[in-house]
file model_1.txt (compact mmCIF, C-alpha atoms)
# COMPACT_ATOMS: atom_id res chain seq x y z
CA MET S 1 8.50 -24.67 21.38
CA ARG S 2 5.39 -26.80 21.10
CA ARG S 3 3.29 -24.10 22.61
CA PHE S 4 4.85 -21.62 20.22
CA VAL S 5 3.94 -23.76 17.22
CA GLN S 6 0.44 -24.32 18.55
CA SER S 7 -0.08 -20.63 19.06
CA LEU S 8 1.30 -19.91 15.61
CA THR S 9 -0.62 -22.41 13.57
CA PRO S 10 -4.03 -20.71 13.31
CA HIS S 11 -2.37 -17.43 12.32
CA THR S 12 -0.24 -19.20 9.74
CA TRP S 13 -3.37 -20.63 8.22
CA MET S 14 -4.93 -17.19 8.08
CA VAL S 15 -1.84 -15.76 6.40
CA VAL S 16 -1.74 -18.60 3.85
CA ALA S 17 -5.45 -18.17 3.09
CA GLY S 18 -4.98 -14.42 2.71
CA LEU S 19 -2.04 -14.92 0.35
CA ILE S 20 -4.00 -17.37 -1.81
CA PHE S 21 -7.03 -15.07 -2.01
CA GLY S 22 -4.84 -12.05 -2.77
CA VAL S 23 -2.99 -13.76 -5.62
CA VAL S 24 -6.22 -15.11 -7.10
CA ALA S 25 -7.97 -11.73 -6.82
CA ALA S 26 -5.17 -10.10 -8.83
CA LEU S 27 -5.10 -12.97 -11.33
CA LEU S 28 -8.83 -12.58 -11.96
CA VAL S 29 -8.10 -9.16 -13.45
CA LYS S 30 -5.53 -10.76 -15.74
CA TRP S 31 -8.12 -13.40 -16.67
CA GLY S 32 -10.74 -10.82 -17.56
CA ASN S 33 -12.37 -9.06 -14.61
CA PRO S 34 -12.41 -5.21 -14.54
CA ALA S 35 -9.27 -3.42 -13.34
CA ASN S 36 -8.77 -3.36 -9.57
CA MET S 37 -11.95 -5.43 -9.36
CA GLY S 38 -10.68 -8.99 -9.40
CA TYR S 39 -13.02 -9.81 -6.54
CA CYS S 40 -15.60 -7.42 -5.12
CA ALA S 41 -18.48 -8.69 -3.04
CA ALA S 42 -20.58 -5.54 -3.43
CA CYS S 43 -19.88 -4.82 -7.12
CA PHE S 44 -20.42 -8.41 -8.15
CA LEU S 45 -23.66 -8.78 -6.19
CA ARG S 46 -24.76 -5.54 -7.86
CA ASP S 47 -23.97 -7.13 -11.25
CA VAL S 48 -26.05 -10.18 -10.27
CA THR S 49 -28.89 -7.83 -9.28
CA GLY S 50 -28.65 -6.24 -12.72
CA ALA S 51 -28.53 -9.61 -14.49
CA LEU S 52 -31.89 -10.40 -12.90
CA GLY S 53 -33.23 -7.12 -14.24
CA LEU S 54 -33.80 -5.65 -10.79
CA HIS S 55 -31.87 -2.61 -11.95
CA ARG S 56 -31.40 -1.49 -15.54
CA ALA S 57 -27.91 0.02 -15.53
CA GLY S 58 -26.84 -1.68 -18.75
CA ALA S 59 -23.10 -1.56 -18.02
CA VAL S 60 -23.25 -3.55 -14.77
CA GLN S 61 -25.34 -6.64 -15.44
CA TYR S 62 -23.78 -10.09 -15.26
CA LEU S 63 -24.49 -13.24 -13.25
CA ARG S 64 -21.06 -13.27 -11.61
CA PRO S 65 -20.11 -16.91 -10.96
CA GLU S 66 -17.76 -15.64 -8.24
CA ILE S 67 -20.82 -14.78 -6.15
CA LEU S 68 -22.75 -17.98 -6.86
CA GLY S 69 -19.55 -19.97 -6.25
CA LEU S 70 -18.81 -18.11 -3.02
CA ILE S 71 -22.16 -19.03 -1.50
CA LEU S 72 -22.11 -22.59 -2.84
CA GLY S 73 -18.48 -23.06 -1.73
CA SER S 74 -19.45 -22.00 1.77
CA PHE S 75 -22.41 -24.40 1.62
CA ILE S 76 -20.17 -27.31 0.57
CA ALA S 77 -17.59 -26.56 3.28
CA ALA S 78 -20.28 -26.20 5.93
CA ILE S 79 -21.83 -29.54 4.99
CA ALA S 80 -18.44 -31.28 4.77
CA PHE S 81 -17.35 -30.00 8.18
CA ARG S 82 -20.77 -30.44 9.77
CA GLU S 83 -21.23 -26.76 10.42
CA PHE S 84 -24.39 -26.30 8.41
CA ARG S 85 -27.04 -25.18 10.88
CA THR S 86 -30.27 -23.47 10.02
CA ARG S 87 -30.83 -20.47 12.24
CA GLY S 88 -32.86 -17.32 12.02
CA GLY S 89 -35.11 -14.81 13.70
CA SER S 90 -32.54 -12.27 14.88
CA ALA S 91 -34.16 -9.01 13.74
CA PRO S 92 -34.47 -9.98 10.07
CA LEU S 93 -36.02 -6.69 8.97
CA VAL S 94 -33.33 -4.62 10.66
CA ARG S 95 -30.69 -6.79 8.99
CA PHE S 96 -32.41 -6.30 5.63
CA LEU S 97 -32.31 -2.52 6.13
CA LEU S 98 -28.67 -2.48 7.28
CA GLY S 99 -27.79 -4.66 4.28
CA THR S 100 -29.46 -2.12 2.01
CA LEU S 101 -27.54 0.76 3.61
CA MET S 102 -24.27 -1.19 3.45
CA MET S 103 -24.71 -1.70 -0.30
CA ILE S 104 -25.63 1.93 -0.94
CA GLY S 105 -22.50 3.07 0.94
CA ALA S 106 -20.37 0.65 -1.07
CA LEU S 107 -21.81 1.82 -4.39
CA VAL S 108 -21.16 5.47 -3.55
CA PHE S 109 -17.49 4.56 -3.01
CA LEU S 110 -17.59 1.96 -5.81
CA GLY S 111 -16.42 -1.06 -3.88
CA CYS S 112 -16.67 -3.20 -0.77
CA PRO S 113 -13.92 -3.50 1.88
CA VAL S 114 -12.25 -6.15 -0.31
CA ARG S 115 -12.11 -3.88 -3.34
CA ALA S 116 -10.86 -0.95 -1.22
CA LEU S 117 -7.74 -3.06 -0.60
CA LEU S 118 -7.54 -4.20 -4.22
CA ARG S 119 -7.78 -0.62 -5.45
CA LEU S 120 -4.93 0.43 -3.20
CA ALA S 121 -2.97 -2.66 -4.29
CA GLY S 122 -3.39 -1.45 -7.87
CA GLY S 123 -2.16 2.08 -7.23
CA ASP S 124 -5.52 3.79 -6.58
CA LEU S 125 -4.89 5.96 -3.53
CA ASN S 126 -8.64 6.51 -3.06
CA GLY S 127 -8.38 3.15 -1.36
CA ILE S 128 -6.70 4.92 1.55
CA THR S 129 -9.61 7.35 1.99
CA ALA S 130 -11.98 4.41 1.82
CA LEU S 131 -10.06 2.35 4.38
CA ALA S 132 -9.94 5.37 6.71
CA GLY S 133 -13.72 5.66 6.33
CA LEU S 134 -14.18 1.94 6.88
CA ILE S 135 -12.09 1.96 10.05
CA PHE S 136 -13.96 5.03 11.31
CA GLY S 137 -17.29 3.28 10.69
CA VAL S 138 -16.08 0.13 12.43
CA PHE S 139 -14.90 2.25 15.37
CA VAL S 140 -18.32 3.88 15.74
CA GLY S 141 -19.91 0.42 15.51
CA ILE S 142 -17.64 -0.79 18.33
CA LEU S 143 -18.88 2.03 20.56
CA PHE S 144 -22.40 0.63 20.10
CA LEU S 145 -21.20 -2.94 20.76
CA LYS S 146 -19.61 -1.77 24.02
CA ARG S 147 -22.84 -0.04 24.95
CA GLY S 148 -24.69 -3.34 24.72
CA PHE S 149 -25.88 -3.29 21.11
CA ASN S 150 -27.04 -6.55 19.62
CA LEU S 151 -29.74 -7.66 17.23
CA GLY S 152 -31.06 -10.39 19.52
CA ARG S 153 -30.73 -14.15 19.63
CA SER S 154 -31.42 -16.36 16.68
CA ALA S 155 -33.24 -19.67 17.01
CA LYS S 156 -33.04 -23.07 15.38
CA MET S 157 -35.25 -23.45 12.33
CA PRO S 158 -36.42 -26.29 10.11
CA SER S 159 -33.45 -27.07 7.89
CA VAL S 160 -35.40 -26.48 4.67
CA ALA S 161 -35.14 -22.73 5.38
CA GLY S 162 -31.35 -22.95 5.32
CA TRP S 163 -31.29 -24.89 2.05
CA LEU S 164 -33.43 -22.36 0.19
CA PHE S 165 -30.74 -19.82 -0.55
CA PRO S 166 -28.03 -22.26 -1.72
CA ALA S 167 -30.72 -23.89 -3.88
CA PHE S 168 -31.52 -20.49 -5.35
CA MET S 169 -27.81 -20.12 -6.18
CA VAL S 170 -27.91 -23.44 -8.06
CA ILE S 171 -30.81 -22.08 -10.11
CA LEU S 172 -28.86 -18.88 -10.81
CA LEU S 173 -25.89 -21.00 -11.82
CA LEU S 174 -28.09 -22.85 -14.32
CA PHE S 175 -29.20 -19.45 -15.63
CA ALA S 176 -25.54 -18.41 -15.94
CA ILE S 177 -24.75 -21.57 -17.91
CA PHE S 178 -27.80 -21.66 -20.18
CA THR S 179 -28.32 -17.87 -20.43
CA PRO S 180 -32.10 -17.78 -20.88
CA TYR S 181 -33.41 -14.65 -22.63
CA PHE S 182 -34.64 -12.96 -19.45
CA ILE S 183 -31.14 -12.80 -17.92
CA PHE S 184 -29.37 -9.53 -18.72
CA SER S 185 -25.72 -9.51 -19.65
CA SER S 186 -23.73 -6.32 -20.32
CA THR S 187 -22.21 -5.93 -23.75
CA SER S 188 -20.07 -2.96 -22.69
CA GLY S 189 -18.76 -1.54 -19.42
CA PRO S 190 -17.55 -3.38 -16.30
CA GLY S 191 -20.32 -5.99 -16.53
CA SER S 192 -18.99 -7.16 -19.89
CA LEU S 193 -15.50 -7.78 -18.49
CA HIS S 194 -15.11 -11.26 -17.05
CA PRO S 195 -13.18 -14.50 -17.41
CA ALA S 196 -14.72 -17.68 -18.78
CA LEU S 197 -17.58 -18.86 -16.60
CA TRP S 198 -15.76 -21.96 -15.35
CA ILE S 199 -12.74 -19.93 -14.16
CA SER S 200 -14.91 -17.54 -12.16
CA LEU S 201 -16.93 -20.44 -10.80
CA VAL S 202 -13.92 -22.48 -9.70
CA VAL S 203 -12.37 -19.42 -8.04
CA GLY S 204 -15.69 -18.55 -6.41
CA LEU S 205 -16.09 -22.07 -5.01
CA GLY S 206 -12.49 -22.06 -3.77
CA VAL S 207 -12.85 -18.68 -2.09
CA GLY S 208 -16.16 -19.80 -0.59
CA ILE S 209 -14.58 -22.89 0.96
CA LEU S 210 -11.57 -20.88 2.16
CA ALA S 211 -13.79 -18.13 3.57
CA GLN S 212 -16.08 -20.58 5.38
CA ARG S 213 -13.13 -22.35 7.00
CA THR S 214 -11.14 -19.25 7.98
CA ARG S 215 -14.19 -17.09 8.85
CA MET S 216 -12.46 -14.30 6.92
CA CYS S 217 -14.10 -10.92 7.32
CA PHE S 218 -12.84 -7.66 5.88
CA ALA S 219 -14.64 -5.59 8.50
CA GLY S 220 -14.21 -8.00 11.42
CA GLY S 221 -10.43 -7.96 11.03
CA TRP S 222 -10.33 -4.25 11.77
CA ARG S 223 -12.95 -4.64 14.49
CA ASP S 224 -11.02 -7.32 16.41
CA LEU S 225 -7.83 -5.30 16.07
CA ILE S 226 -9.48 -2.31 17.77
CA LEU S 227 -11.91 -4.06 20.12
CA ILE S 228 -9.88 -6.94 21.54
CA LYS S 229 -6.42 -6.21 20.12
CA ASP S 230 -6.47 -9.53 18.31
CA ILE S 231 -4.68 -9.88 14.97
CA HIS S 232 -6.17 -13.24 13.97
CA LEU S 233 -8.63 -12.01 11.30
CA PHE S 234 -6.50 -9.00 10.47
CA SER S 235 -3.51 -11.16 9.54
CA LEU S 236 -5.58 -12.52 6.64
CA ILE S 237 -6.44 -9.02 5.47
CA ALA S 238 -2.80 -7.93 5.59
CA ALA S 239 -1.62 -11.04 3.72
CA PHE S 240 -4.38 -10.54 1.14
CA PHE S 241 -3.27 -6.98 0.50
CA VAL S 242 0.43 -7.81 0.20
CA ALA S 243 -0.22 -10.77 -2.10
CA ALA S 244 -2.53 -8.74 -4.35
CA MET S 245 -0.01 -5.91 -4.63
CA VAL S 246 2.95 -8.20 -5.36
CA THR S 247 0.91 -10.09 -7.96
CA ASN S 248 -0.25 -6.82 -9.53
CA PHE S 249 3.39 -5.72 -9.83
CA ALA S 250 4.43 -9.08 -11.26
CA LEU S 251 1.66 -8.92 -13.87
CA GLY S 252 2.29 -5.25 -14.67
CA GLN S 253 -1.21 -4.36 -13.48
CA VAL S 254 -0.24 -1.37 -11.35
CA GLY S 255 -1.13 1.55 -13.57
CA HIS S 256 0.03 4.66 -11.77
CA TRP S 257 -0.09 5.78 -8.16
CA GLY S 258 -2.53 8.60 -7.56
CA PHE S 259 -6.10 9.64 -6.88
CA SER S 260 -7.25 10.69 -10.33
CA GLY S 261 -7.64 8.70 -13.51
CA GLN S 262 -7.99 5.38 -11.68
CA PRO S 263 -10.14 2.58 -13.08
CA ILE S 264 -13.79 2.51 -11.94
CA SER S 265 -13.05 5.12 -9.32
CA HIS S 266 -13.73 8.75 -8.47
CA GLU S 267 -11.91 11.16 -6.19
CA GLU S 268 -14.76 12.70 -4.19
CA HIS S 269 -12.83 12.21 -0.96
CA LEU S 270 -15.63 13.13 1.45
CA TRP S 271 -18.05 10.66 -0.13
CA ASN S 272 -15.47 7.91 -0.48
CA PHE S 273 -14.82 8.33 3.24
CA LEU S 274 -18.46 8.59 4.34
CA GLY S 275 -19.70 5.90 1.94
CA MET S 276 -17.22 3.46 3.39
CA ALA S 277 -17.92 4.68 6.94
CA LEU S 278 -21.53 3.61 6.32
CA VAL S 279 -20.25 0.19 5.18
CA GLY S 280 -18.03 -0.13 8.26
CA LEU S 281 -20.78 0.88 10.68
CA SER S 282 -23.43 -1.35 9.06
CA ALA S 283 -21.01 -4.29 8.84
CA THR S 284 -20.06 -3.97 12.51
CA LEU S 285 -23.70 -3.81 13.61
CA LEU S 286 -24.45 -6.82 11.37
CA GLY S 287 -21.39 -8.78 12.51
CA GLY S 288 -19.69 -9.05 9.13
CA CYS S 289 -18.69 -7.45 5.85
CA PRO S 290 -20.59 -8.06 2.59
CA LEU S 291 -18.39 -11.07 1.74
CA ARG S 292 -18.85 -12.61 5.18
CA GLN S 293 -22.63 -12.14 4.98
CA MET S 294 -22.72 -14.14 1.75
CA VAL S 295 -20.55 -16.88 3.27
CA LEU S 296 -22.90 -17.10 6.26
CA SER S 297 -25.90 -17.19 3.93
CA GLY S 298 -24.51 -20.43 2.50
CA GLN S 299 -24.23 -22.22 5.84
CA GLY S 300 -27.81 -21.97 7.02
CA ASP S 301 -27.82 -18.51 8.58
CA THR S 302 -31.12 -17.16 7.29
CA ASP S 303 -30.48 -13.83 9.05
CA ALA S 304 -27.46 -13.41 6.79
CA VAL S 305 -29.71 -14.32 3.85
CA MET S 306 -31.94 -11.41 4.85
CA THR S 307 -28.86 -9.17 4.88
CA VAL S 308 -27.82 -10.36 1.42
CA LEU S 309 -31.36 -9.78 0.11
CA GLY S 310 -31.14 -6.31 1.66
CA MET S 311 -27.90 -5.79 -0.25
CA VAL S 312 -29.63 -6.85 -3.48
CA ALA S 313 -32.38 -4.33 -2.72
CA GLY S 314 -29.70 -1.74 -1.99
CA ALA S 315 -28.07 -2.35 -5.36
CA ALA S 316 -31.43 -2.01 -7.10
CA VAL S 317 -32.26 1.19 -5.21
CA ALA S 318 -28.78 2.63 -5.81
CA HIS S 319 -28.96 2.20 -9.57
CA ASN S 320 -32.69 2.74 -10.13
CA PHE S 321 -32.76 5.97 -8.10
CA GLY S 322 -29.41 7.32 -9.26
CA LEU S 323 -27.60 7.00 -5.92
CA ALA S 324 -24.67 4.95 -7.21
CA SER S 325 -21.56 6.87 -8.19
CA SER S 326 -20.02 6.69 -11.62
CA PRO S 327 -16.32 6.64 -12.44
CA SER S 328 -14.67 10.06 -12.88
CA PRO S 329 -15.39 12.63 -14.18
CA ILE S 330 -19.01 12.15 -13.03
CA GLY S 331 -18.19 10.96 -9.53
CA ASN S 332 -20.85 10.76 -6.89
CA THR S 333 -24.36 12.10 -7.34
CA THR S 334 -26.32 14.55 -5.22
CA PHE S 335 -28.81 11.78 -4.47
CA GLY S 336 -25.92 9.51 -3.49
CA ALA S 337 -24.65 12.11 -1.03
CA TRP S 338 -28.13 12.44 0.50
CA ALA S 339 -28.48 8.66 0.65
CA VAL S 340 -25.20 8.27 2.53
CA GLY S 341 -26.19 11.06 4.94
CA VAL S 342 -29.62 9.59 5.61
CA GLY S 343 -28.11 6.08 5.71
CA LEU S 344 -25.61 7.08 8.39
CA ALA S 345 -28.39 8.74 10.40
CA VAL S 346 -30.55 5.61 10.18
CA ALA S 347 -27.66 3.28 11.08
CA LEU S 348 -26.76 5.49 14.06
CA LEU S 349 -30.39 5.51 15.16
CA ILE S 350 -30.52 1.71 14.97
CA GLY S 351 -27.31 1.62 17.01
CA PHE S 352 -28.71 3.93 19.68
CA LEU S 353 -32.14 2.33 19.93
CA THR S 354 -31.10 -1.34 19.89
CA ARG S 355 -29.68 -1.86 23.31
CA GLU S 356 -29.99 -4.93 25.40
CA ARG S 357 -31.38 -4.37 28.87
CA ARG S 358 -28.88 -5.53 31.42
CA GLN S 359 -29.52 -7.05 34.77
CA ALA S 360 -28.33 -4.73 37.52
CA MET J 361 -19.42 -19.31 38.97
CA ILE J 362 -20.29 -16.45 36.68
CA GLU J 363 -22.07 -17.72 33.63
CA VAL J 364 -22.35 -15.93 30.31
CA ASP J 365 -25.12 -17.27 28.12
CA ALA J 366 -24.23 -16.33 24.57
CA ARG J 367 -26.30 -19.00 22.86
CA GLY J 368 -28.14 -17.74 19.81
CA PHE J 369 -25.72 -14.87 19.31
CA SER J 370 -23.32 -14.77 16.43
CA CYS J 371 -19.94 -13.15 16.01
CA PRO J 372 -18.91 -10.82 17.63
CA ILE J 373 -21.53 -10.63 20.40
CA PRO J 374 -20.31 -13.70 22.39
CA VAL J 375 -16.79 -12.20 22.41
CA VAL J 376 -18.10 -8.80 23.53
CA LYS J 377 -20.11 -10.41 26.34
CA THR J 378 -17.17 -12.54 27.46
CA LYS J 379 -14.80 -9.58 27.38
CA GLU J 380 -17.22 -7.60 29.50
CA ALA J 381 -17.49 -10.42 32.03
CA ILE J 382 -13.68 -10.74 32.17
CA ASP J 383 -13.26 -7.00 32.66
CA LYS J 384 -15.89 -6.94 35.42
CA ASN J 385 -14.62 -10.04 37.21
CA PRO J 386 -10.88 -10.23 36.73
CA LYS J 387 -9.17 -13.38 37.94
CA GLU J 388 -12.40 -15.27 38.43
CA PRO J 389 -13.36 -18.41 36.58
CA LEU J 390 -16.18 -18.04 34.08
CA ALA J 391 -18.44 -20.32 32.14
CA VAL J 392 -19.54 -19.28 28.67
CA LEU J 393 -22.33 -21.02 26.79
CA VAL J 394 -22.19 -20.80 23.03
CA ASP J 395 -24.08 -22.69 20.35
CA ASN J 396 -21.79 -22.61 17.37
CA GLU J 397 -18.29 -23.50 16.32
CA VAL J 398 -17.25 -19.95 15.36
CA SER J 399 -18.22 -18.50 18.74
CA LYS J 400 -16.40 -21.37 20.47
CA GLU J 401 -13.21 -20.53 18.55
CA ASN J 402 -13.52 -16.78 19.02
CA VAL J 403 -14.26 -16.92 22.75
CA SER J 404 -11.45 -19.44 23.28
CA ARG J 405 -9.00 -17.20 21.43
CA LEU J 406 -10.01 -14.17 23.47
CA ALA J 407 -9.70 -16.13 26.71
CA LYS J 408 -6.25 -17.49 25.85
CA ASN J 409 -5.07 -14.02 24.88
CA ARG J 410 -6.27 -12.77 28.24
CA GLY J 411 -4.42 -15.48 30.16
CA TYR J 412 -7.16 -18.00 30.79
CA SER J 413 -7.10 -21.72 30.27
CA VAL J 414 -10.07 -22.99 28.32
CA GLU J 415 -11.87 -26.26 28.81
CA VAL J 416 -14.52 -27.13 26.25
CA GLU J 417 -17.42 -29.38 27.15
CA ARG J 418 -20.13 -30.47 24.78
CA ALA J 419 -23.40 -29.21 26.14
CA GLU J 420 -26.96 -29.44 25.06
CA ASP J 421 -27.28 -27.15 22.06
CA GLY J 422 -23.60 -26.32 21.75
CA PHE J 423 -20.61 -25.91 24.01
CA ARG J 424 -19.87 -24.91 27.55
CA LEU J 425 -16.48 -23.20 27.86
CA LYS J 426 -14.87 -23.15 31.27
CA LEU J 427 -12.42 -20.29 31.52
CA SER J 428 -9.98 -20.38 34.43
CA PRO J 429 -7.40 -17.68 35.01
CA LEU J 430 -3.86 -19.06 34.86
CA ALA J 431 -1.83 -18.45 37.98
CA LYS J 432 1.11 -16.25 37.19

call {"tool": "encode", "arguments": {"input": "model_1.txt", "output": "structure tokens"}}
result
Amino acid sequence: MRRFVQSLTPHTWMVVAGLIFGVVAALLVKWGNPANMGYCAACFLRDVTGALGLHRAGAVQYLRPEILGLILGSFIAAIAFREFRTRGGSAPLVRFLLGTLMMIGALVFLGCPVRALLRLAGGDLNGITALAGLIFGVFVGILFLKRGFNLGRSAKMPSVAGWLFPAFMVILLLFAIFTPYFIFSSTSGPGSLHPALWISLVVGLGVGILAQRTRMCFAGGWRDLILIKDIHLFSLIAAFFVAAMVTNFALGQVGHWGFSGQPISHEEHLWNFLGMALVGLSATLLGGCPLRQMVLSGQGDTDAVMTVLGMVAGAAVAHNFGLASSPSPIGNTTFGAWAVGVGLAVALLIGFLTRERRQA
Amino acid sequence: MIEVDARGFSCPIPVVKTKEAIDKNPKEPLAVLVDNEVSKENVSRLAKNRGYSVEVERAEDGFRLKLSPLAK
């Protein structure tokens, strides 16, 4: 019995954390975030990118406190539990590039692995195509892992390097509070839809602490399921999905089940699949989904900071060069399709060429 | 004893390396060196799922995990 309880406890924690996150993600829509976008790591980082003026898509610019809170929450948890360690030097430029590709893939689908689940939990069946693409991408990534892919060892660094990014988040938070004139903020479109700053911030901090403690990862869960047949991380994903769907039903937020006419969504199935496949492949090569990368960036992992900066660059590129999709009826763009194709080719090339030499 | 040095690697590489060592050397004890808490947890979980007992020692720069196959 004791062994049973001991073996159960970590999973139980994961399930509880997933349930909390799922309920909160659905509630955030009720409190003001865009439909089926209570919490989206990629979309919200894209909004932050726009708020800084690095892209000029007027409808998606807002300093999302969920993002600032996520990174600061992770920082607080890491300090409190003595897990803050400054590391770096594991192929930073490759991580930057993969981060860029991961963001471009997400913005062709219009969501990260978290939002894929939230969309499905809100009745948008394009979430299924996206999850199929994500799992396919993760599967391809696993083939590279089995072949000996890794981005090299990181090394200890002076701790000031690890503090830089959380400090930058504090500055962004001050910008969010005092809204200086150079910070952009959408007056219409998804970027204009949000709860009061303090609500988003409190939720962001809470999710950051939860995510740092549980090591939640919305790509890693699928990876561990396939690679080592372990349900630990996946149990959080499953609980998250169930909780979000139940909460959506309870709040009357499930519009209608179907592919077309869904909020901030398009039904270009091929590009939803391939866009998310690019996210799954990049995330597996990087060792974590967009959300996990931001959590790591808060606990001293400067390689993850490089990935997050790559994601910011990806958001800027996606909107400045017209790669990002728009909701139906526009859907994905020709440039977006090319970007996903080239992105997949580049990610595959990185996978093939980055192979550790093994001793015979 | 077979030793897997996974220091400096982050999730999931230490798990991949440990899995490979387990698959190549079934029923043999292994030592895995990791330098962070997450890798310690992940490698321990893999080892327990595969029927190994895990002993954690603090080592310079992290942890040394001794994995011993449980007799069945």

call {"tool": "closest_residue", "arguments": {"input": "model_1.txt", "among": "S:His266, S:Arg215, S:Arg355, S:His319", "to": "chain J", "atoms": "only C-alpha atoms"}}
result
S:Arg215

call {"tool": "closest_atom_pairs", "arguments": {"input": "model_1.txt", "of": "chain S", "to": "chain J", "cutoff": "6 Å", "atoms": "only C-alpha atoms", "output": "JSON lines"}}
result
{"residue": "S:Arg153", "atom": "CA", "partner": "J:Gly368", "partner_atom": "CA", "distance": 4.4}
{"residue": "S:Ser154", "atom": "CA", "partner": "J:Gly368", "partner_atom": "CA", "distance": 4.7}
{"residue": "S:Gly287", "atom": "CA", "partner": "J:Cys371", "partner_atom": "CA", "distance": 5.8}

call {"tool": "closest_residue", "arguments": {"input": "model_1.txt", "among": "J:Ala381, J:Leu425, J:Met361, J:Leu430", "to": "Leu393 of chain J", "atoms": "all atoms listed in the file"}}
result
J:Leu425

call {"tool": "closest_residue", "arguments": {"input": "model_1.txt", "among": "J:Ile362, J:Ala407, J:Glu417, J:Val392", "to": "Pro429 of chain J", "atoms": "all atoms listed in the file"}}
result
J:Ala407

call {"tool": "atom_distance", "arguments": {"input": "model_1.txt", "atom1": "atom CA of Phe182 of chain S", "atom2": "atom CA of Cys40 of chain S"}}
result
24.5 Å

call {"tool": "atom_distance", "arguments": {"input": "model_1.txt", "atom1": "atom CA of Glu363 of chain J", "atom2": "atom CA of Leu286 of chain S"}}
result
24.9 Å

call {"tool": "atom_distance", "arguments": {"input": "model_1.txt", "atom1": "atom CA of Glu356 of chain S", "atom2": "atom CA of Lys387 of chain J"}}
result
25.7 Å

call {"tool": "residues_near_point", "arguments": {"input": "model_1.txt", "point": "(-1.2, -10.9, 3.9)", "cutoff": "9 Å", "atoms": "all atoms listed in the file", "output": "list in words"}}
result
Met14, Val15, Val16, Ala17, Gly18, Leu19, Gly22, Phe234, Ser235, Leu236, Ile237, Ala238, Ala239, Phe240, Phe241, Val242, Ala243 and Ala244 of chain S

call {"tool": "closest_residue", "arguments": {"input": "model_1.txt", "among": "S:Pro195, S:Gly141, S:Gly261, S:Gly89", "to": "Ile330 of chain S", "atoms": "only C-alpha atoms"}}
result
S:Gly261

call {"tool": "residues_around", "arguments": {"input": "model_1.txt", "residues": "Asp303 of chain S", "least_positions_apart": "6", "cutoff": "8 Å", "atoms": "all atoms listed in the file", "output": "list in words"}}
result
Arg87, Gly88, Gly89, Ser90, Ala91, Pro92, Arg95 and Ser297 of chain S

call {"tool": "residues_around", "arguments": {"input": "model_1.txt", "residues": "Val246 of chain S", "least_positions_apart": "4", "cutoff": "12 Å", "atoms": "all atoms listed in the file", "output": "VMD selection string"}}
result
chain S and resid 19 22 to 27 118 120 to 123 239 to 242 250 to 254

call {"tool": "residues_near_point", "arguments": {"input": "model_1.txt", "point": "(-18.4, -27.7, 9.9)", "cutoff": "12 Å", "atoms": "all atoms listed in the file", "output": "PyMOL selection string"}}
result
(chain S and resi 74-85+209+212-215+299-300) or (chain J and resi 396-398)

call {"tool": "write_last_selection", "arguments": {"input": "model_1.txt", "atoms": "C-alpha atoms", "output": "PDB file, in the frame of the given file"}}
result
ATOM      1  CA  SER S  74     -19.450 -22.000   1.770  1.00  0.00           C
ATOM      2  CA  PHE S  75     -22.410 -24.400   1.620  1.00  0.00           C
ATOM      3  CA  ILE S  76     -20.170 -27.310   0.570  1.00  0.00           C
ATOM      4  CA  ALA S  77     -17.590 -26.560   3.280  1.00  0.00           C
ATOM      5  CA  ALA S  78     -20.280 -26.200   5.930  1.00  0.00           C
ATOM      6  CA  ILE S  79     -21.830 -29.540   4.990  1.00  0.00           C
ATOM      7  CA  ALA S  80     -18.440 -31.280   4.770  1.00  0.00           C
ATOM      8  CA  PHE S  81     -17.350 -30.000   8.180  1.00  0.00           C
ATOM      9  CA  ARG S  82     -20.770 -30.440   9.770  1.00  0.00           C
ATOM     10  CA  GLU S  83     -21.230 -26.760  10.420  1.00  0.00           C
ATOM     11  CA  PHE S  84     -24.390 -26.300   8.410  1.00  0.00           C
ATOM     12  CA  ARG S  85     -27.040 -25.180  10.880  1.00  0.00           C
ATOM     13  CA  ILE S 209     -14.580 -22.890   0.960  1.00  0.00           C
ATOM     14  CA  GLN S 212     -16.080 -20.580   5.380  1.00  0.00           C
ATOM     15  CA  ARG S 213     -13.130 -22.350   7.000  1.00  0.00           C
ATOM     16  CA  THR S 214     -11.140 -19.250   7.980  1.00  0.00           C
ATOM     17  CA  ARG S 215     -14.190 -17.090   8.850  1.00  0.00           C
ATOM     18  CA  GLN S 299     -24.230 -22.220   5.840  1.00  0.00           C
ATOM     19  CA  GLY S 300     -27.810 -21.970   7.020  1.00  0.00           C
TER      20      GLY S 300
ATOM     21  CA  ASN J 396     -21.790 -22.610  17.370  1.00  0.00           C
ATOM     22  CA  GLU J 397     -18.290 -23.500  16.320  1.00  0.00           C
ATOM     23  CA  VAL J 398     -17.250 -19.950  15.360  1.00  0.00           C
TER      24      VAL J 398
END

call {"tool": "residues_around", "arguments": {"input": "model_1.txt", "residues": "Val414 of chain J", "least_positions_apart": "2", "cutoff": "7 Å", "atoms": "all atoms listed in the file", "output": "list of chain:residue names"}}
result
J:Ser404, J:Tyr412, J:Val416, J:Leu425, J:Lys426, J:Leu427, J:Ser428

call {"tool": "residues_around", "arguments": {"input": "model_1.txt", "residues": "Cys112 of chain S", "least_positions_apart": "4", "cutoff": "10 Å", "atoms": "all atoms listed in the file", "output": "list in words"}}
result
Tyr39, Cys40, Ala41, Ala42, Cys43, Phe44, Met102, Met103, Gly105, Ala106, Leu107, Ala116, Leu117, Leu118, Ala130, Leu134, Phe218, Ala219, Gly275, Met276, Val279, Gly280, Cys289, Pro290 and Leu291 of chain S
